[in-house]
Structure formats: C-alpha cells, structure tokens
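K.L.:
Just passing along the structure, written as structure tokens.
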Amino acid sequence: MTMGYDFRFTHFEHDHLITAFTTSWSAPSNIALVKYWGKKEVQIPCNPSVSFTLRECRTQTTIQFDLQSSKKEEILFSIQYEGQPAPSFAPKITEFLKRIKPYVPFLTHYHLTIDTCNTFPHSSGIASSASSMAALAAGIVALEEKLNPSLTKEEQTNKCSFLARLGSGSAARSVEGPIILWGNHPESPNSSDLFGVKLAVYDNVFASYHDTVLLVDQGQKIVSSTVGHNLMHNHLYAATRFEQARENYSQLLKIFSKGDLVAFVDLVEQEALSLHAMMLTSSPSYLLMQPNTLRIIEEVRSFRKKSGLHLAFTLDAGANVHLLYPDAEAEKTRRFIEKNLRQYCQDNALIHDRVGMGIKNT
Ligand code: PMV
C-alpha cells in the first residue's frame, strides 16, 4: 500500500462532481488453495489465504452513476440481472453499500443503475459473490478515479480489493492474478488483512494451470458461508486450523517458487479436506460433501497412482469439485475426466476454466 493512503476519499464538493458516468467491468471468480475460513469484524480473515484467479467464470457489470440534486443518507441504486429487475440481489448490495460508504462518501450524491450478468449459470452451485463484488467495486473505483485523477494505479487496485472484501471476503482475491495472497503473513511483507496482493515469485507452470469444475450439486447450499465462518468462533479446533493454514501458506510459497507439483497436490488436497473437517466438527456439525464428491476424490487419487500425473482436487464450501492440473498434462487428464468423472456431475455438467489475470474494463 502507498504510505499514508487510508482508503478514505475526503476531498470533494457537490459542484465538482461529474453529472453522469457509465462504466463496465468484468471480474473473475477465484479458487482458494489455502482456505479462508473464520473471520473477525469487519471481514478480517482469521488466517491468510492463497488463491488462483480464474479466467472464464466471470461477472460482467455495468454501472451508470447519475448525480442527484442533493446528498442522500444512503446510497441509492437499482439492480438488474441479465436486463431484468433483480430484487432478490438488493439486500446483499444494500449491505455492501452501507459498509463501503465511509470509504466512498461521494456515492451518496449519486444514483447507481447496476446491470449485471455471469458467464456461468446463476444456479450452478458456483459462488458468484467473489466475481460480482469485485466487478461492482471496480466500477465504483473507476468513478473515484474520475473524481480524483491523482489516485495511482496501485491505489486503485488496492482500493478495489479493499471494497470488494467488504462485500465478500474472498472477493478481495478476484481483482488481479494469477496467484493472490490475502491476509497478513510475516513471510510476505506486502501482505494485508485489508486487501489482496499478487504473489511475485512463482514457477511459470502455475500461471497456465487448469481448473475443471465438476458440478456435483447445482442447488443452494444447506449452510451458507456466513454461517460457516461464524461457526469457527468457539470451534474446538479453530486455533489449530488457523495455525495449519499459516504453515501451509508458508509451504505453498516455497512450492510455487520451486515448481514442486507433487508437494502442491498434497498441500492443496489437505487444505480442502481440512476446510470440510471444520464443518464436520463444528457445533452444530454439517456436511456439504455428497456421495459423488467422495467418489470423485477416490477416482482422482487412484488415477494419480496409476498415471503418475499431478491431478489434484480442491473444494470450496459446497459439494462441487475443482480439478487442478498443469497444462502439459491437460490432454490425458481431460480424457480421464470425460471417461470417469463427468458421470458424477448433476446433468453431466462441468466447466473448464484456467488460471487468469483479474478484472478488465470492458
Ligand atoms: O468469501 P466468503 O465469505 O464466501 O468465504 C469463502 C470461503 C471459501 O470459499 C470456503 C474459502 C476461500 O478462501 O475462498
């Protein structure tokens, strides 16, 4: 972060605000390798996390800002999804705008017309909160840059991640790519609990990694991430889990710099199962994996043994499985996925994605 920049925008007068501005942004989803699970107020992670930014699973958002005759108490907006009014999205956006208001006070002078859509099916079981909050934040920072052209590129990027984080923690990691760190860690001097930063040193094999998402369950999760994060308060294993994540973060940075694919597989799978172990051992306990999730895990492990390839699985907070593999092994791995794994997906649905580079002005 630039020294002295505290994310608050203070210098503006109504007369100097521009009357209308329209901006469009596309932001990707991301998949955590070291998982964020457990948070403090407001959206501060209990442990640092590491993710691959994705390329194809994205949210595209256009915001039209119209200057109002006077400042309002709350930030006013209307929201459309795929061109249709989407009142069910309003509560989450209202909460987001409330949280970010102190950092973007100029927004109380505007009405926002938000038009958004995803490249992946809305009810695919793929969380769109990271990509949607990052796209929204990008549009708001674009207006801020218009009002304050002295904002540097780095300040814009950090602010975008900072605002996105207030919408959904993992959204802090959807602004840049290919590998993002979020949360303080002593081994990354530029890391922060407030926003994501790029990992600087990594073997190139990781920049072209594939992520095929097996859509095991396309329905609503039985327990939301918000509830899951909260169950980490007073969790018997919470302190050990946070320590494990910090240690895995440190190991993963070494793996990235060495290009050690065998160690990558081990660590990523351990992280995924540790995340779900927290769910299994919370009070009340719950289970998001499904029989087909476990079948896929068994198949992946047996394929790896037989083939000597480096296919790894990871999970987010749901039943779907993310399959991670290097580009050089993509052909053989894809054949295995088609032959053995597609059958476990609901309606045979899967999404081929890859590691990508973050938000785009479109
Ligand atoms: O950003 P949230 O509050 O939806 O939490 C995301 C949690 C996981 O996806 C399970 C892990 C992560 O680090 O993304």
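Residues are referred to by chain and number: the chain letter is A, B, ... according to the order shown in the structure tokens, the number counts from 1 in that chain, and ligands are numbered separately from 1 in the order shown.
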Skipping near chain neighbours, those fewer than 2 positions away, what residues fall within 9 Å of A:Thr113 using only C-alpha atoms, listed as number ranges by chain?

P.N.:
A: 62-66, 76-80, 111, 115

K.L.:
To check your reading of the model: which residues sit at most 8 Å from ligand 1 when counting only C-alpha atoms and all ligand atoms? Write the answer as a short mmCIF file (atom, residue, chain, number, x, y, z; two decimals) with N, CA, C and O atoms, in the first residue's frame.

P.N.:
```
data_model
loop_
_atom_site.label_atom_id
_atom_site.label_comp_id
_atom_site.auth_asym_id
_atom_site.auth_seq_id
_atom_site.Cartn_x
_atom_site.Cartn_y
_atom_site.Cartn_z
N ASN A 30 -12.48 -16.87 -8.16
CA ASN A 30 -11.16 -17.42 -7.81
C ASN A 30 -11.36 -18.68 -7.01
O ASN A 30 -12.44 -18.91 -6.46
N ILE A 31 -10.32 -19.52 -6.98
CA ILE A 31 -10.41 -20.73 -6.14
C ILE A 31 -9.26 -20.71 -5.13
O ILE A 31 -8.10 -20.56 -5.51
N ALA A 32 -9.64 -20.83 -3.86
CA ALA A 32 -8.62 -20.80 -2.80
C ALA A 32 -7.85 -22.11 -2.76
O ALA A 32 -8.43 -23.19 -2.93
N LEU A 33 -6.56 -22.00 -2.55
CA LEU A 33 -5.68 -23.17 -2.38
C LEU A 33 -5.43 -23.36 -0.89
O LEU A 33 -5.57 -24.44 -0.35
N VAL A 34 -5.05 -22.26 -0.22
CA VAL A 34 -5.08 -22.22 1.25
C VAL A 34 -6.36 -21.46 1.60
O VAL A 34 -6.58 -20.35 1.11
N LYS A 35 -7.22 -22.10 2.38
CA LYS A 35 -8.59 -21.60 2.53
C LYS A 35 -8.74 -20.56 3.64
O LYS A 35 -8.13 -20.68 4.70
N TYR A 36 -9.61 -19.62 3.36
CA TYR A 36 -10.06 -18.62 4.35
C TYR A 36 -11.32 -19.18 4.98
O TYR A 36 -12.32 -19.40 4.31
N TRP A 37 -11.29 -19.43 6.26
CA TRP A 37 -12.48 -19.98 6.94
C TRP A 37 -12.45 -19.53 8.39
O TRP A 37 -11.67 -20.03 9.17
N SER A 49 -4.88 -16.43 3.26
CA SER A 49 -5.27 -17.42 2.24
C SER A 49 -4.53 -17.13 0.93
O SER A 49 -4.00 -16.04 0.73
N VAL A 50 -4.55 -18.13 0.06
CA VAL A 50 -3.86 -18.04 -1.24
C VAL A 50 -4.80 -18.60 -2.29
O VAL A 50 -5.44 -19.63 -2.05
N SER A 51 -4.88 -17.93 -3.46
CA SER A 51 -5.82 -18.44 -4.48
C SER A 51 -5.27 -18.32 -5.89
O SER A 51 -4.37 -17.51 -6.16
N ALA A 127 -20.18 -20.18 -6.54
CA ALA A 127 -20.46 -18.93 -5.85
C ALA A 127 -20.11 -17.77 -6.76
O ALA A 127 -19.03 -17.74 -7.36
N SER A 129 -20.32 -14.64 -5.54
CA SER A 129 -20.12 -13.46 -4.69
C SER A 129 -18.75 -12.82 -4.93
O SER A 129 -18.64 -11.60 -4.94
N ALA A 130 -17.71 -13.63 -5.15
CA ALA A 130 -16.37 -13.05 -5.34
C ALA A 130 -16.33 -12.22 -6.63
O ALA A 130 -15.93 -11.05 -6.62
N ARG A 165 -13.65 -6.79 -0.68
CA ARG A 165 -13.57 -7.58 0.56
C ARG A 165 -14.74 -7.30 1.49
O ARG A 165 -15.25 -8.20 2.17
N SER A 168 -17.64 -9.46 0.13
CA SER A 168 -17.43 -10.89 0.36
C SER A 168 -15.93 -11.08 0.52
O SER A 168 -15.16 -10.65 -0.35
N GLY A 169 -15.52 -11.70 1.62
CA GLY A 169 -14.07 -11.80 1.91
C GLY A 169 -13.27 -12.28 0.72
O GLY A 169 -12.29 -11.64 0.30
N SER A 170 -13.69 -13.39 0.12
CA SER A 170 -12.89 -13.97 -0.95
C SER A 170 -12.85 -13.06 -2.20
O SER A 170 -11.98 -13.23 -3.05
N ALA A 171 -13.76 -12.10 -2.30
CA ALA A 171 -13.76 -11.17 -3.44
C ALA A 171 -12.49 -10.31 -3.45
O ALA A 171 -12.07 -9.82 -4.51
N SER A 225 -21.94 -19.66 3.64
CA SER A 225 -20.57 -19.37 4.09
C SER A 225 -20.58 -18.50 5.32
O SER A 225 -19.75 -18.66 6.21
N THR A 226 -21.53 -17.55 5.37
CA THR A 226 -21.60 -16.64 6.53
C THR A 226 -21.79 -17.44 7.82
O THR A 226 -21.08 -17.23 8.81
N HIS A 229 -18.52 -19.46 8.54
CA HIS A 229 -17.46 -18.63 9.15
C HIS A 229 -17.76 -18.43 10.64
O HIS A 229 -16.86 -18.53 11.47
N LEU A 275 -10.71 -27.86 5.44
CA LEU A 275 -11.87 -26.95 5.42
C LEU A 275 -13.15 -27.74 5.77
O LEU A 275 -13.94 -27.34 6.63
N LEU A 315 -11.86 -28.17 -2.95
CA LEU A 315 -13.30 -27.96 -2.73
C LEU A 315 -13.49 -26.56 -2.20
O LEU A 315 -12.62 -26.05 -1.48
N ASP A 316 -14.61 -25.92 -2.56
CA ASP A 316 -14.96 -24.71 -1.81
C ASP A 316 -16.05 -25.12 -0.82
O ASP A 316 -16.16 -26.30 -0.49
N ALA A 317 -16.84 -24.19 -0.34
CA ALA A 317 -17.82 -24.56 0.67
C ALA A 317 -19.06 -25.14 -0.01
O ALA A 317 -20.13 -24.54 -0.02
N GLY A 318 -18.92 -26.33 -0.60
CA GLY A 318 -20.02 -26.98 -1.29
C GLY A 318 -19.61 -28.36 -1.75
O GLY A 318 -18.52 -28.83 -1.41
#
```

K.L.:
Taking only C-alpha atoms into account, which of A:Asn320, A:Thr116, A:Gln156, A:Ser132 comes nearest A:Phe9?

P.N.:
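Closest to A:Phe9, using only C-alpha atoms: A:Gln156.
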
K.L.:
Select from stretch 139-286 of chain A everything DSSP, run on the backbone, classes as alpha helix (DSSP H), then give the selection as an MDAnalysis selection string.

P.N.:
chainID A and resid 139:147 153:167 225:230 238:258 261:280

K.L.:
Calculated over only C-alpha atoms, which of the candidates A:Glu82, A:Asp6, A:Glu331, A:Glu243 has the smallest distance to A:His185?

P.N.:
A:Glu243

K.L.:
Can you pull out every residue within 10 Å of A:Pro284, counting only C-alpha atoms, but drop anything in the same chain fewer than 4 positions away, and send it as a list of chain:residue names?

P.N.:
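Using only C-alpha atoms, the neighbours found are A:Leu231, A:Met279, A:Leu280.
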
K.L.:
May I ask which of the residues A:Val265, A:Tyr286, A:Lys305, A:Asn361 is the closest one to A:Pro326, counting only C-alpha atoms?

P.N.:
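The answer is A:Val265, which sits nearest to A:Pro326.
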
K.L.:
Need the shell around A:Ile255: protein/DNA/RNA residues with any atom at most 12 Å away, counting only C-alpha atoms. Skip same-chain ones fewer than 3 positions apart. Format as a list in words?

P.N.:
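Contacts, with the query itself left out: Val201, Tyr202, Asp203, Asn204, Val205, Phe206, Asn248, Tyr249, Ser250, Gln251, Leu252, Lys258, Gly259, Asp260, Leu261, Val262, Ala263, Phe264, Val265, Asp266, Leu267 and Val268 of chain A.
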
K.L.:
What's the 10 Å shell around A:Ser208, counting only C-alpha atoms, without same-chain residues fewer than 4 positions away, as JSON, numbers by chain?

P.N.:
{"A": [178, 204, 325, 326, 327, 328, 354, 355, 356]}

K.L.:
What's the separation between atom CA of A:Met232 and atom CA of A:Arg246, in Å to one decimal place?

P.N.:
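These atoms are spaced 16.0 Å apart.
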
K.L.:
For A:Asn118, which residue out of A:Ala27, A:Ile180, A:Leu147, A:Cys345 is the nearest one, using only C-alpha atoms?

P.N.:
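Among A:Ala27, A:Ile180, A:Leu147, A:Cys345, it is A:Ala27 that comes nearest to A:Asn118.
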
K.L.:
With DSSP run on the backbone, what are the strand (DSSP E) residues within stretch 126-199 of chain A? I'd like them as a list of chain:residue names.

P.N.:
A:Ile179, A:Ile180, A:Leu181, A:Trp182, A:Gly196, A:Val197, A:Lys198

K.L.:
Deliver the residues from the most recent selection as a file, using C-alpha atoms, as a CSV table (one decimal), in the first residue's frame.

P.N.:
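Full text of out20.csv as output:
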```csv
chain,number,residue,atom,x,y,z
A,179,ILE,CA,-1.9,-16.0,-7.8
A,180,ILE,CA,-3.2,-13.9,-4.9
A,181,LEU,CA,-2.4,-13.6,-1.2
A,182,TRP,CA,-4.9,-12.1,1.2
A,196,GLY,CA,-5.3,-9.0,-1.7
A,197,VAL,CA,-1.8,-8.7,-3.3
A,198,LYS,CA,-0.1,-10.5,-6.1
```

K.L.:
Compare A:Gln270, A:Arg8, A:Thr22, A:Tyr81 by their minimum atom-to-atom distance to A:Pro102, counting only C-alpha atoms, and give me the closest one.

P.N.:
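Under the stated criterion, the closest residue is A:Arg8.
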
K.L.:
What does the distance from atom CA of A:Ser128 to atom CA of A:Gly38 come to in Å, to one decimal?

P.N.:
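Going from atom CA of A:Ser128 over to atom CA of A:Gly38, I get 19.4 Å.
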
K.L.:
Have a look at A:Arg173, A:Gly125, A:Leu151, A:Glu145 and name the one nearest to A:Ile222; count only C-alpha atoms.

P.N.:
A:Gly125

K.L.:
List the spatial neighbours of A:Leu324 as a PyMOL selection string - criterion: any atom at most 8 Å away, only C-alpha atoms, same-chain residues fewer than 6 positions off excluded.

P.N.:
chain A and resi 209-212+311-314

K.L.:
Extract, using only C-alpha atoms, all DNA, RNA and protein residues at most 8 Å from A:His276, discarding same-chain residues fewer than 5 positions from it, and format them as a list in words.

P.N.:
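Selected residues are Leu287, Leu288, Met289 and Ala317 of chain A.
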
K.L.:
Using only all heavy atoms, please write the residues we just selected to a file, as a PDB file, in the first residue's frame.

P.N.:
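Result went into result-v6.pdb, see below:
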```
ATOM      1  N   LEU A 287     -22.499 -31.172   6.828  1.00  0.00           N
ATOM      2  CA  LEU A 287     -21.774 -31.906   5.790  1.00  0.00           C
ATOM      3  C   LEU A 287     -22.171 -31.330   4.436  1.00  0.00           C
ATOM      4  O   LEU A 287     -23.342 -31.344   4.093  1.00  0.00           O
ATOM      5  CB  LEU A 287     -22.233 -33.369   5.928  1.00  0.00           C
ATOM      6  CG  LEU A 287     -21.716 -34.457   5.057  1.00  0.00           C
ATOM      7  CD1 LEU A 287     -20.194 -34.512   5.120  1.00  0.00           C
ATOM      8  CD2 LEU A 287     -22.285 -35.793   5.554  1.00  0.00           C
ATOM      9  N   LEU A 288     -21.210 -30.812   3.688  1.00  0.00           N
ATOM     10  CA  LEU A 288     -21.552 -30.280   2.362  1.00  0.00           C
ATOM     11  C   LEU A 288     -21.116 -31.210   1.230  1.00  0.00           C
ATOM     12  O   LEU A 288     -21.601 -31.099   0.116  1.00  0.00           O
ATOM     13  CB  LEU A 288     -20.924 -28.892   2.164  1.00  0.00           C
ATOM     14  CG  LEU A 288     -21.439 -27.767   3.081  1.00  0.00           C
ATOM     15  CD1 LEU A 288     -20.787 -26.445   2.714  1.00  0.00           C
ATOM     16  CD2 LEU A 288     -22.961 -27.642   3.022  1.00  0.00           C
ATOM     17  N   MET A 289     -20.172 -32.112   1.534  1.00  0.00           N
ATOM     18  CA  MET A 289     -19.781 -33.078   0.507  1.00  0.00           C
ATOM     19  C   MET A 289     -20.942 -34.044   0.294  1.00  0.00           C
ATOM     20  O   MET A 289     -21.718 -34.286   1.215  1.00  0.00           O
ATOM     21  CB  MET A 289     -18.534 -33.845   0.947  1.00  0.00           C
ATOM     22  CG  MET A 289     -17.293 -32.986   0.958  1.00  0.00           C
ATOM     23  SD  MET A 289     -15.803 -33.907   1.358  1.00  0.00           S
ATOM     24  CE  MET A 289     -16.043 -34.247   3.081  1.00  0.00           C
ATOM     25  N   ALA A 317     -16.837 -24.188  -0.345  1.00  0.00           N
ATOM     26  CA  ALA A 317     -17.823 -24.564   0.668  1.00  0.00           C
ATOM     27  C   ALA A 317     -19.057 -25.140  -0.005  1.00  0.00           C
ATOM     28  O   ALA A 317     -20.129 -24.544  -0.023  1.00  0.00           O
ATOM     29  CB  ALA A 317     -18.179 -23.352   1.524  1.00  0.00           C
TER      30      ALA A 317
END
```
